[in-house]
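Peer 1: What follows is work.pdb, PDB, C-alpha atoms.
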ATOM      1  CA  MET B   1      -5.575  11.405 -12.115
ATOM      2  CA  PRO B   2      -5.730   7.788 -13.350
ATOM      3  CA  GLY B   3      -4.874   7.175 -16.979
ATOM      4  CA  VAL B   4      -6.673   4.724 -19.271
ATOM      5  CA  PRO B   5      -4.478   3.493 -22.135
ATOM      6  CA  ARG B   6      -7.360   1.550 -23.732
ATOM      7  CA  TRP B   7     -11.052   2.059 -23.067
ATOM      8  CA  THR B   8     -13.210  -1.062 -23.152
ATOM      9  CA  GLY B   9     -16.702  -1.645 -21.894
ATOM     10  CA  ARG B  10     -15.267  -2.485 -18.483
ATOM     11  CA  GLU B  11     -13.521   0.868 -17.984
ATOM     12  CA  ALA B  12     -16.569   2.754 -19.247
ATOM     13  CA  ALA B  13     -18.757   0.909 -16.729
ATOM     14  CA  LEU B  14     -16.353   1.708 -13.900
ATOM     15  CA  LEU B  15     -16.293   5.394 -14.825
ATOM     16  CA  ARG B  16     -20.101   5.543 -14.836
ATOM     17  CA  LYS B  17     -20.163   3.840 -11.440
ATOM     18  CA  ALA B  18     -17.555   6.237 -10.053
ATOM     19  CA  MET B  19     -19.540   9.229 -11.340
ATOM     20  CA  ARG B  20     -22.756   7.745  -9.923
ATOM     21  CA  LYS B  21     -24.648   8.447 -13.119
ATOM     22  CA  SER B  22     -27.576   6.669 -14.702
ATOM     23  CA  GLY B  23     -27.028   5.095 -18.106
ATOM     24  CA  LYS B  24     -28.869   7.911 -19.858
ATOM     25  CA  ALA B  25     -27.031  10.685 -18.001
ATOM     26  CA  PHE B  26     -23.700   9.034 -18.717
ATOM     27  CA  ALA B  27     -24.586   8.549 -22.397
ATOM     28  CA  ASP B  28     -25.449  12.248 -22.687
ATOM     29  CA  LEU B  29     -22.031  13.200 -21.313
ATOM     30  CA  VAL B  30     -20.188  10.850 -23.671
ATOM     31  CA  GLY B  31     -22.388  11.817 -26.623
ATOM     32  CA  VAL B  32     -23.762   8.394 -27.550
ATOM     33  CA  ASN B  33     -27.189   6.786 -27.774
ATOM     34  CA  PRO B  34     -28.300   5.629 -24.282
ATOM     35  CA  ARG B  35     -28.859   2.135 -25.727
ATOM     36  CA  GLN B  36     -25.112   1.870 -26.234
ATOM     37  CA  ILE B  37     -24.296   1.913 -22.527
ATOM     38  CA  PRO B  38     -25.870  -1.478 -21.584
ATOM     39  CA  ARG B  39     -24.167  -2.962 -24.661
ATOM     40  CA  TRP B  40     -20.754  -1.607 -23.617
ATOM     41  CA  GLU B  41     -21.134  -2.838 -20.080
ATOM     42  CA  GLY B  42     -22.472  -6.224 -21.150
ATOM     43  CA  ARG B  43     -19.512  -6.841 -23.456
ATOM     44  CA  GLY B  44     -16.984  -5.625 -20.885
ATOM     45  CA  GLU B  45     -13.334  -6.161 -21.832
ATOM     46  CA  THR B  46     -14.283  -7.960 -25.043
ATOM     47  CA  LEU B  47     -15.417  -4.648 -26.558
ATOM     48  CA  GLU B  48     -12.745  -2.089 -27.420
ATOM     49  CA  LEU B  49     -14.482   1.220 -28.028
ATOM     50  CA  SER B  50     -14.042   3.317 -31.146
ATOM     51  CA  LEU B  51     -11.353   6.004 -31.143
ATOM     52  CA  ALA B  52     -14.032   8.696 -31.088
ATOM     53  CA  ASN B  53     -15.675   7.173 -28.030
ATOM     54  CA  GLN B  54     -12.299   6.699 -26.332
ATOM     55  CA  ALA B  55     -11.498  10.378 -26.879
ATOM     56  CA  ALA B  56     -14.910  11.346 -25.478
ATOM     57  CA  LEU B  57     -14.324   9.232 -22.361
ATOM     58  CA  ASP B  58     -10.879  10.805 -21.924
ATOM     59  CA  THR B  59     -12.575  14.217 -21.903
ATOM     60  CA  VAL B  60     -15.277  13.132 -19.439
ATOM     61  CA  LEU B  61     -12.681  11.694 -17.071
ATOM     62  CA  ALA B  62     -10.588  14.862 -17.228
ATOM     63  CA  GLN B  63     -13.587  17.030 -16.366
ATOM     64  CA  VAL B  64     -15.117  15.112 -13.442
ATOM     65  CA  ASP B  65     -14.478  16.230  -9.881
ATOM     66  CA  ARG B  66     -11.573  14.862  -7.878
ATOM     67  CA  ASP B  67     -13.729  12.623  -5.661
ATOM     68  CA  ALA B  68     -15.083  10.835  -8.734
ATOM     69  CA  GLN B  69     -11.582  10.510 -10.163
ATOM     70  CA  GLN B  70     -10.397   8.882  -6.940
ATOM     71  CA  ARG B  71     -13.364   6.498  -6.911
ATOM     72  CA  PHE B  72     -12.583   5.573 -10.513
ATOM     73  CA  ALA B  73      -8.910   4.953  -9.696
ATOM     74  CA  THR B  74      -9.879   2.692  -6.793
ATOM     75  CA  LEU B  75     -12.319   0.703  -8.927
ATOM     76  CA  LEU B  76      -9.868   0.516 -11.823
ATOM     77  CA  THR B  77      -7.144  -1.130  -9.748
ATOM     78  CA  GLU B  78      -9.409  -3.227  -7.529
ATOM     79  CA  ARG B  79      -9.197  -6.427  -9.551
ATOM     80  CA  ALA B  80      -5.433  -6.185 -10.048
ATOM     81  CA  ALA B  81      -5.056  -5.663  -6.312
ATOM     82  CA  VAL B  82      -6.784  -8.922  -5.402
ATOM     83  CA  GLU B  83      -6.148 -11.140  -8.422
ATOM     84  CA  HIS B  84      -3.907 -13.478  -6.433
ATOM     85  CA  ASP B  85      -5.954 -13.536  -3.275
ATOM     86  CA  GLU B  86      -5.783 -17.345  -3.023
ATOM     87  CA  ARG B  87      -1.978 -17.185  -2.903
ATOM     88  CA  ALA B  88      -2.104 -14.527  -0.196
ATOM     89  CA  GLU B  89      -4.612 -16.457   1.872
ATOM     90  CA  ALA B  90      -2.549 -19.637   1.546
ATOM     91  CA  LEU B  91       0.501 -17.812   2.869
ATOM     92  CA  LEU B  92      -1.477 -16.460   5.811
ATOM     93  CA  ARG B  93      -2.785 -19.923   6.656
ATOM     94  CA  ARG B  94       0.705 -21.258   7.394
ATOM     95  CA  ASP B  95       0.072 -21.671  11.114
ATOM     96  CA  SER B  96       3.679 -22.565  11.887
ATOM     97  CA  ARG B  97       4.841 -19.234  10.481
ATOM     98  CA  THR B  98       2.120 -16.812  11.552
ATOM     99  CA  SER B  99       1.028 -15.845  15.048
ATOM    100  CA  GLN B 100      -0.810 -13.073  16.846
ATOM    101  CA  HIS B 101       1.368 -10.866  19.016
ATOM    102  CA  PRO B 102       0.206 -10.889  22.655
ATOM    103  CA  ALA B 103       0.687  -7.151  23.280
ATOM    104  CA  ASP B 104      -0.864  -5.348  20.315
ATOM    105  CA  GLY B 105      -2.713  -8.284  18.772
ATOM    106  CA  LYS B 106      -1.179  -7.849  15.336
ATOM    107  CA  LEU B 107      -0.611 -10.806  13.029
ATOM    108  CA  MET B 108       3.096 -11.516  12.555
ATOM    109  CA  VAL B 109       4.959 -13.890  10.265
ATOM    110  CA  CYS B 110       8.271 -15.635  10.862
ATOM    111  CA  VAL B 111      11.203 -14.908   8.560
ATOM    112  CA  GLU B 112      13.657 -17.746   9.028
ATOM    113  CA  GLU B 113      17.381 -17.244   9.507
ATOM    114  CA  GLY B 114      19.606 -17.379   6.464
ATOM    115  CA  ILE B 115      21.182 -15.465   3.609
ATOM    116  CA  TYR B 116      19.249 -13.109   1.389
ATOM    117  CA  LEU B 117      20.264 -10.940  -1.572
ATOM    118  CA  SER B 118      20.461  -7.302  -0.483
ATOM    119  CA  GLY B 119      20.517  -3.933  -2.198
ATOM    120  CA  LEU B 120      20.904  -2.997  -5.840
ATOM    121  CA  GLU B 121      24.068  -5.115  -5.983
ATOM    122  CA  ASP B 122      22.333  -8.244  -4.587
ATOM    123  CA  ARG B 123      24.986  -8.752  -1.925
ATOM    124  CA  SER B 124      24.687 -11.893   0.187
ATOM    125  CA  VAL B 125      23.692 -10.925   3.746
ATOM    126  CA  TRP B 126      22.910 -13.260   6.650
ATOM    127  CA  LEU B 127      20.116 -12.447   9.111
ATOM    128  CA  GLY B 128      18.882 -14.320  12.153
ATOM    129  CA  THR B 129      15.252 -15.365  12.585
ATOM    130  CA  TYR B 130      12.693 -12.647  13.345
ATOM    131  CA  ARG B 131       8.975 -11.988  13.127
ATOM    132  CA  ILE B 132       7.510  -9.032  11.254
ATOM    133  CA  ASP B 133       4.020  -7.532  11.225
ATOM    134  CA  VAL B 134       2.033  -8.814   8.249
ATOM    135  CA  TYR B 135       0.429  -5.372   7.884
ATOM    136  CA  PRO B 136       1.613  -1.845   8.642
ATOM    137  CA  THR B 137       0.428  -0.342  11.925
ATOM    138  CA  THR B 138      -3.110   0.894  11.329
ATOM    139  CA  ASN B 139      -5.031   3.778  12.834
ATOM    140  CA  ALA B 140      -6.979   1.275  14.951
ATOM    141  CA  ASP B 141      -3.724  -0.282  16.208
ATOM    142  CA  TYR B 142      -2.263   3.097  17.059
ATOM    143  CA  ALA B 143      -5.440   4.174  18.842
ATOM    144  CA  LYS B 144      -4.962   1.302  21.323
ATOM    145  CA  PHE B 145      -1.458   2.586  22.041
ATOM    146  CA  VAL B 146      -2.642   6.191  22.458
ATOM    147  CA  HIS B 147      -5.444   5.104  24.797
ATOM    148  CA  ALA B 148      -3.135   2.898  26.889
ATOM    149  CA  THR B 149      -0.251   5.346  27.243
ATOM    150  CA  GLY B 150      -1.636   8.840  26.751
ATOM    151  CA  HIS B 151       0.827   9.360  23.907
ATOM    152  CA  ARG B 152      -0.090  12.299  21.699
ATOM    153  CA  PRO B 153      -2.291  11.297  18.753
ATOM    154  CA  PRO B 154      -1.387  12.208  15.168
ATOM    155  CA  LEU B 155      -2.127  15.834  14.359
ATOM    156  CA  HIS B 156      -4.963  15.038  11.920
ATOM    157  CA  TRP B 157      -6.991  13.099  14.509
ATOM    158  CA  ALA B 158      -9.844  15.314  15.655
ATOM    159  CA  ASP B 159     -10.389  15.125  19.426
ATOM    160  CA  GLY B 160      -7.856  12.321  19.610
ATOM    161  CA  ARG B 161      -9.796  10.034  17.264
ATOM    162  CA  TYR B 162      -8.760   8.847  13.839
ATOM    163  CA  PRO B 163     -10.893   9.910  10.840
ATOM    164  CA  ALA B 164     -14.012   7.850  10.185
ATOM    165  CA  GLY B 165     -13.539   5.008   7.733
ATOM    166  CA  LEU B 166      -9.758   4.823   8.173
ATOM    167  CA  ALA B 167      -9.478   2.187  10.906
ATOM    168  CA  THR B 168      -7.703  -0.282   8.609
ATOM    169  CA  HIS B 169      -5.576   2.338   6.847
ATOM    170  CA  PRO B 170      -1.963   2.826   7.961
ATOM    171  CA  VAL B 171      -1.406   5.435  10.640
ATOM    172  CA  VAL B 172       0.404   8.512   9.279
ATOM    173  CA  TRP B 173       1.753  11.796  10.620
ATOM    174  CA  VAL B 174       4.007   9.867  12.990
ATOM    175  CA  THR B 175       7.647  10.725  13.633
ATOM    176  CA  TRP B 176      10.349   8.106  14.104
ATOM    177  CA  HIS B 177      10.094   8.785  17.838
ATOM    178  CA  ASP B 178       6.335   8.093  17.761
ATOM    179  CA  ALA B 179       6.899   4.839  15.895
ATOM    180  CA  ASP B 180       9.662   3.800  18.276
ATOM    181  CA  ALA B 181       7.441   4.560  21.284
ATOM    182  CA  TYR B 182       4.689   2.325  19.886
ATOM    183  CA  ALA B 183       7.197  -0.454  19.241
ATOM    184  CA  ARG B 184       8.534  -0.285  22.807
ATOM    185  CA  TRP B 185       4.991  -0.290  24.219
ATOM    186  CA  ALA B 186       4.227  -3.444  22.223
ATOM    187  CA  GLY B 187       7.460  -5.152  23.265
ATOM    188  CA  LYS B 188       8.797  -4.980  19.736
ATOM    189  CA  THR B 189      11.262  -2.874  17.771
ATOM    190  CA  LEU B 190      11.248  -1.094  14.463
ATOM    191  CA  PRO B 191      12.817  -3.305  11.783
ATOM    192  CA  THR B 192      16.351  -2.737  10.631
ATOM    193  CA  ALA B 193      16.548  -1.841   6.961
ATOM    194  CA  PRO B 194      17.915  -5.335   6.140
ATOM    195  CA  GLN B 195      15.086  -7.034   8.054
ATOM    196  CA  TRP B 196      12.525  -4.941   6.215
ATOM    197  CA  GLU B 197      14.127  -5.623   2.833
ATOM    198  CA  LYS B 198      14.346  -9.395   3.307
ATOM    199  CA  ALA B 199      10.669  -9.534   4.298
ATOM    200  CA  ALA B 200       9.857  -7.664   1.084
ATOM    201  CA  ARG B 201      12.145  -9.368  -1.444
ATOM    202  CA  GLY B 202      12.505 -12.852  -0.030
ATOM    203  CA  ALA B 203      15.815 -14.694   0.076
ATOM    204  CA  LYS B 204      16.406 -14.731  -3.685
ATOM    205  CA  GLY B 205      16.381 -11.017  -4.383
ATOM    206  CA  ARG B 206      13.090 -10.324  -6.117
ATOM    207  CA  VAL B 207      12.903  -6.807  -7.497
ATOM    208  CA  TYR B 208       9.418  -6.398  -6.011
ATOM    209  CA  PRO B 209       7.515  -8.415  -3.411
ATOM    210  CA  TRP B 210       5.423 -10.136  -6.114
ATOM    211  CA  GLY B 211       8.313 -10.864  -8.514
ATOM    212  CA  ASN B 212      10.367  -8.982 -11.079
ATOM    213  CA  ASP B 213       7.648  -7.478 -13.264
ATOM    214  CA  PRO B 214       7.170  -3.699 -12.741
ATOM    215  CA  THR B 215       3.391  -3.763 -12.197
ATOM    216  CA  ALA B 216       2.173  -0.517 -10.621
ATOM    217  CA  ALA B 217      -1.378  -1.897 -10.222
ATOM    218  CA  LYS B 218      -0.142  -4.228  -7.468
ATOM    219  CA  CYS B 219       0.523  -1.375  -5.030
ATOM    220  CA  ASN B 220      -0.773   2.056  -4.064
ATOM    221  CA  VAL B 221       1.617   4.461  -5.780
ATOM    222  CA  ALA B 222       1.116   7.747  -7.617
ATOM    223  CA  GLU B 223       0.354   6.059 -10.943
ATOM    224  CA  THR B 224      -2.791   4.414  -9.550
ATOM    225  CA  GLY B 225      -4.339   7.863  -9.121
ATOM    226  CA  ILE B 226      -5.950   7.115  -5.755
ATOM    227  CA  ASP B 227      -3.967   9.911  -4.061
ATOM    228  CA  ALA B 228      -4.713   8.663  -0.544
ATOM    229  CA  THR B 229      -3.934   5.737   1.734
ATOM    230  CA  THR B 230      -5.787   2.463   1.244
ATOM    231  CA  SER B 231      -6.663  -0.411   3.580
ATOM    232  CA  VAL B 232      -3.532  -2.361   4.498
ATOM    233  CA  SER B 233      -5.048  -5.654   3.280
ATOM    234  CA  ARG B 234      -6.195  -4.385  -0.119
ATOM    235  CA  TYR B 235      -3.241  -5.282  -2.344
ATOM    236  CA  GLN B 236      -3.274  -9.055  -2.049
ATOM    237  CA  SER B 237      -1.572  -9.469  -5.420
ATOM    238  CA  GLY B 238       1.393  -7.499  -4.082
ATOM    239  CA  VAL B 239       2.094  -9.800  -1.126
ATOM    240  CA  SER B 240       5.727 -10.787  -0.484
ATOM    241  CA  PRO B 241       7.112 -14.359  -0.464
ATOM    242  CA  TYR B 242       6.560 -14.416   3.311
ATOM    243  CA  GLY B 243       2.966 -13.208   3.071
ATOM    244  CA  VAL B 244       3.675  -9.610   4.120
ATOM    245  CA  PHE B 245       1.455  -6.854   2.720
ATOM    246  CA  ASP B 246       2.050  -3.264   1.588
ATOM    247  CA  LEU B 247       5.813  -3.417   1.221
ATOM    248  CA  CYS B 248       5.531  -1.263  -1.893
ATOM    249  CA  GLY B 249       3.409   1.863  -1.853
ATOM    250  CA  ASN B 250       0.714   3.124   0.524
ATOM    251  CA  VAL B 251       3.106   4.664   3.109
ATOM    252  CA  TRP B 252       6.824   4.971   3.673
ATOM    253  CA  GLU B 253       7.853   2.923   6.721
ATOM    254  CA  TRP B 254      10.322   3.941   9.412
ATOM    255  CA  CYS B 255      13.245   1.586  10.118
ATOM    256  CA  SER B 256      15.627   1.523  13.081
ATOM    257  CA  THR B 257      18.720   1.894  10.862
ATOM    258  CA  GLU B 258      20.402   5.286  11.132
ATOM    259  CA  GLU B 259      21.908   6.924   8.063
ATOM    260  CA  GLN B 260      25.063   7.505  10.138
ATOM    261  CA  SER B 261      25.605   6.827  13.812
ATOM    262  CA  GLY B 262      24.294   9.764  15.830
ATOM    263  CA  SER B 263      22.814  11.522  12.797
ATOM    264  CA  ALA B 264      19.193  11.268  14.004
ATOM    265  CA  ARG B 265      18.271  10.419  10.410
ATOM    266  CA  TYR B 266      16.682   7.030   9.829
ATOM    267  CA  GLU B 267      15.992   4.903   6.800
ATOM    268  CA  LEU B 268      12.536   4.780   5.284
ATOM    269  CA  LYS B 269      11.448   1.912   3.085
ATOM    270  CA  GLY B 270       8.741   1.020   0.623
ATOM    271  CA  SER B 271       7.526   4.268  -1.028
ATOM    272  CA  ALA B 272       4.003   5.675  -0.670
ATOM    273  CA  PHE B 273       0.829   6.656  -2.473
ATOM    274  CA  THR B 274       2.574   9.958  -3.259
ATOM    275  CA  SER B 275       5.602   8.252  -4.827
ATOM    276  CA  PRO B 276       6.219   7.391  -8.480
ATOM    277  CA  PHE B 277       6.408   3.659  -9.063
ATOM    278  CA  GLU B 278      10.132   3.928  -9.799
ATOM    279  CA  ARG B 279      10.682   4.588  -6.070
ATOM    280  CA  ALA B 280       8.825   1.444  -4.962
ATOM    281  CA  ALA B 281      11.588  -1.166  -5.247
ATOM    282  CA  PRO B 282      12.447  -2.417  -1.713
ATOM    283  CA  SER B 283      16.177  -2.331  -2.448
ATOM    284  CA  LEU B 284      16.164   1.481  -2.728
ATOM    285  CA  LYS B 285      17.161   3.728   0.179
ATOM    286  CA  ASN B 286      15.541   6.837   1.585
ATOM    287  CA  THR B 287      16.232   8.695   4.845
ATOM    288  CA  ALA B 288      14.579  11.412   6.905
ATOM    289  CA  ASP B 289      15.078  13.313  10.123
ATOM    290  CA  ALA B 290      13.600  11.489  13.127
ATOM    291  CA  ARG B 291      11.295  14.458  13.766
ATOM    292  CA  MET B 292       9.783  14.362  10.287
ATOM    293  CA  GLN B 293       6.084  13.595  10.025
ATOM    294  CA  ASP B 294       3.927  13.523   6.925
ATOM    295  CA  ASN B 295       0.675  12.218   5.480
ATOM    296  CA  ASP B 296       2.503   9.391   3.698
ATOM    297  CA  THR B 297       4.758   8.003   6.452
ATOM    298  CA  GLY B 298       3.984   5.155   8.856
ATOM    299  CA  PHE B 299       5.651   1.987  10.182
ATOM    300  CA  ARG B 300       5.442  -1.666  11.173
ATOM    301  CA  CYS B 301       7.327  -3.620  13.836
ATOM    302  CA  VAL B 302       9.431  -6.744  14.318
ATOM    303  CA  SER B 303      10.201  -9.052  17.228
ATOM    304  CA  ILE B 304      12.860 -11.650  17.887
ATOM    305  CA  PRO B 305      11.467 -15.095  18.842
TER     306      PRO B 305
END
Would you give me this structure, written as structure tokens?
Peer 2:
Amino acid sequence: MPGVPRWTGREAALLRKAMRKSGKAFADLVGVNPRQIPRWEGRGETLELSLANQAALDTVLAQVDRDAQQRFATLLTERAAVEHDERAEALLRRDSRTSQHPADGKLMVCVEEGIYLSGLEDRSVWLGTYRIDVYPTTNADYAKFVHATGHRPPLHWADGRYPAGLATHPVVWVTWHDADAYARWAGKTLPTAPQWEKAARGAKGRVYPWGNDPTAAKCNVAETGIDATTSVSRYQSGVSPYGVFDLCGNVWEWCSTEEQSGSARYELKGSAFTSPFERAAPSLKNTADARMQDNDTGFRCVSIP
């Protein structure tokens, strides 16, 4: 459930919207005069509510159903997610660096050759030039692959179709083998762990794609309270120096790097909506068996120019 450290008129308005209540009905729940609600919402963030009203709103939030809590969490983080949308759009407009892949149609960005700072120790590592998908593979992307090849769809797709409203969400319930099969169909590969990390941190070793500040509102992790995947283009304020989205949170992403040669365990990067923010740093390592599939695991691809 999302937490609210300080209730202002803005948060109160978002909670009412998430609960889909009229001003009077919401006022009755909070225990205030209905005339207070338009005043709160009109003042927005300039009005910090009294401690008694904050406590009442804490109680209301704790008692609403889970769907309303998720709607509130989405609304609460919406502005933080897109606050730097002009920066993200500028990165995507760099025509010399971005291109549409001819096989699966996904937008890719070029990561130039050179040294980058890798891992917790910030070791200098050289990588050649490659292109990486700007967004994780979505349900709509994966559906094209399933239709073209007859590959088995994810287990939560009813009648071989992804759930309504999730076209732009990352595909999940895919094993490493599923992800690798998609990559081969598209004429790509899964990224190595170093390729993935450089795309996320840039060459100078940022802690997070957006910089060094630990800001959970810039990605879909457990602290946001959404408790589900989100559209891959939502978190524009969390974009990496190369203009790559969702490299923290939303879903773990399969890489081609094995834990040990022949182990059939592969690295996962990026954390997920189920993960605490402390797991989101791109320098951290995680591994799983190639047969593992879960509701918080997906992938993206790379290609070599």
Peer 1: For Glu121 in chain B, which residue among B:Leu14, B:Leu47, B:Gly270, B:Gly205 is the nearest when counting all atoms listed in the file?
Peer 2: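 Result for the nearest residue to Glu121 in chain B: B:Gly205.
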Peer 1: For range 61-66 of chain B, find every residue with an atom within 8 Å (counting all atoms listed in the file), except residues of its own chain fewer than 3 positions away, and show them as a tab-separated table (two decimals) with C-alpha atoms, in the coordinates of the input.
Peer 2:
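Final output, part-v2.tsv:
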chain	number	residue	atom	x	y	z
B	1	MET	CA	-5.58	11.40	-12.12
B	15	LEU	CA	-16.29	5.39	-14.82
B	19	MET	CA	-19.54	9.23	-11.34
B	57	LEU	CA	-14.32	9.23	-22.36
B	58	ASP	CA	-10.88	10.80	-21.92
B	69	GLN	CA	-11.58	10.51	-10.16
B	70	GLN	CA	-10.40	8.88	-6.94
Peer 1: Mind pulling up the distance from CA of Pro5 in chain B to CA of Ser271 in chain B?
Peer 2: 24.3 Å
Peer 1: With 3 Å of padding per side, what axis-aligned box (centre and edge lengths, Å, one decimal) covers all the listed atoms of range 141-147 of chain B? Give it as AutoDock Vina command-line options.
Peer 2:
--center_x -3.5 --center_y 3.0 --center_z 20.5 --size_x 10.0 --size_y 12.5 --size_z 14.6
Peer 1: Find the residue from B:Thr175, B:Ser50, B:Asn250, B:Gln236 that sits nearest to Glu223 in chain B; use only C-alpha atoms when measuring.
Peer 2: B:Asn250
Peer 1: In Å, with one decimal, what is the gap from CA of Ala222 in chain B to CA of Thr74 in chain B?
Peer 2: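 Between CA of Ala222 in chain B and CA of Thr74 in chain B the gap works out to 12.1 Å.
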Peer 1: If I take CA of Glu258 in chain B and CA of Val232 in chain B, how far is one from the other in Å, to one decimal?
Peer 2: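 It comes out at 26.0 Å.
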Peer 1: Give the answer as one residue: which of B:Glu112, B:Asp28, B:Asp227, B:Glu11 has the shortest atom-to-atom distance to Arg43 in chain B, using all atoms listed in the file?
Peer 2: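 Checking each candidate against Arg43 in chain B, we get B:Glu11 as the closest.
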Peer 1: What's around Glu48 in chain B at 9 Å? Count only C-alpha atoms, leave out sequence neighbours fewer than 5 positions away in its own chain, and write the answer as a count of residues only.
Peer 2: 6
Peer 1: Starting from the point (15.1, 0.5, 13.1), work out which residues of protein, DNA or RNA have an atom no more than 7 Å away when counting all atoms listed in the file; state them as a list of chain:residue names.
Peer 2: B:Thr189, B:Leu190, B:Pro191, B:Thr192, B:Ala193, B:Trp254, B:Cys255, B:Ser256, B:Thr257
Peer 1: Name the closest residue to Thr137 in chain B among the candidates B:Thr297, B:Asn220, B:Thr149, B:Thr77; distances are taken between atoms, counting only C-alpha atoms.
Peer 2: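 Ranking B:Thr297, B:Asn220, B:Thr149, B:Thr77 by distance to Thr137 in chain B, first place goes to B:Thr297.
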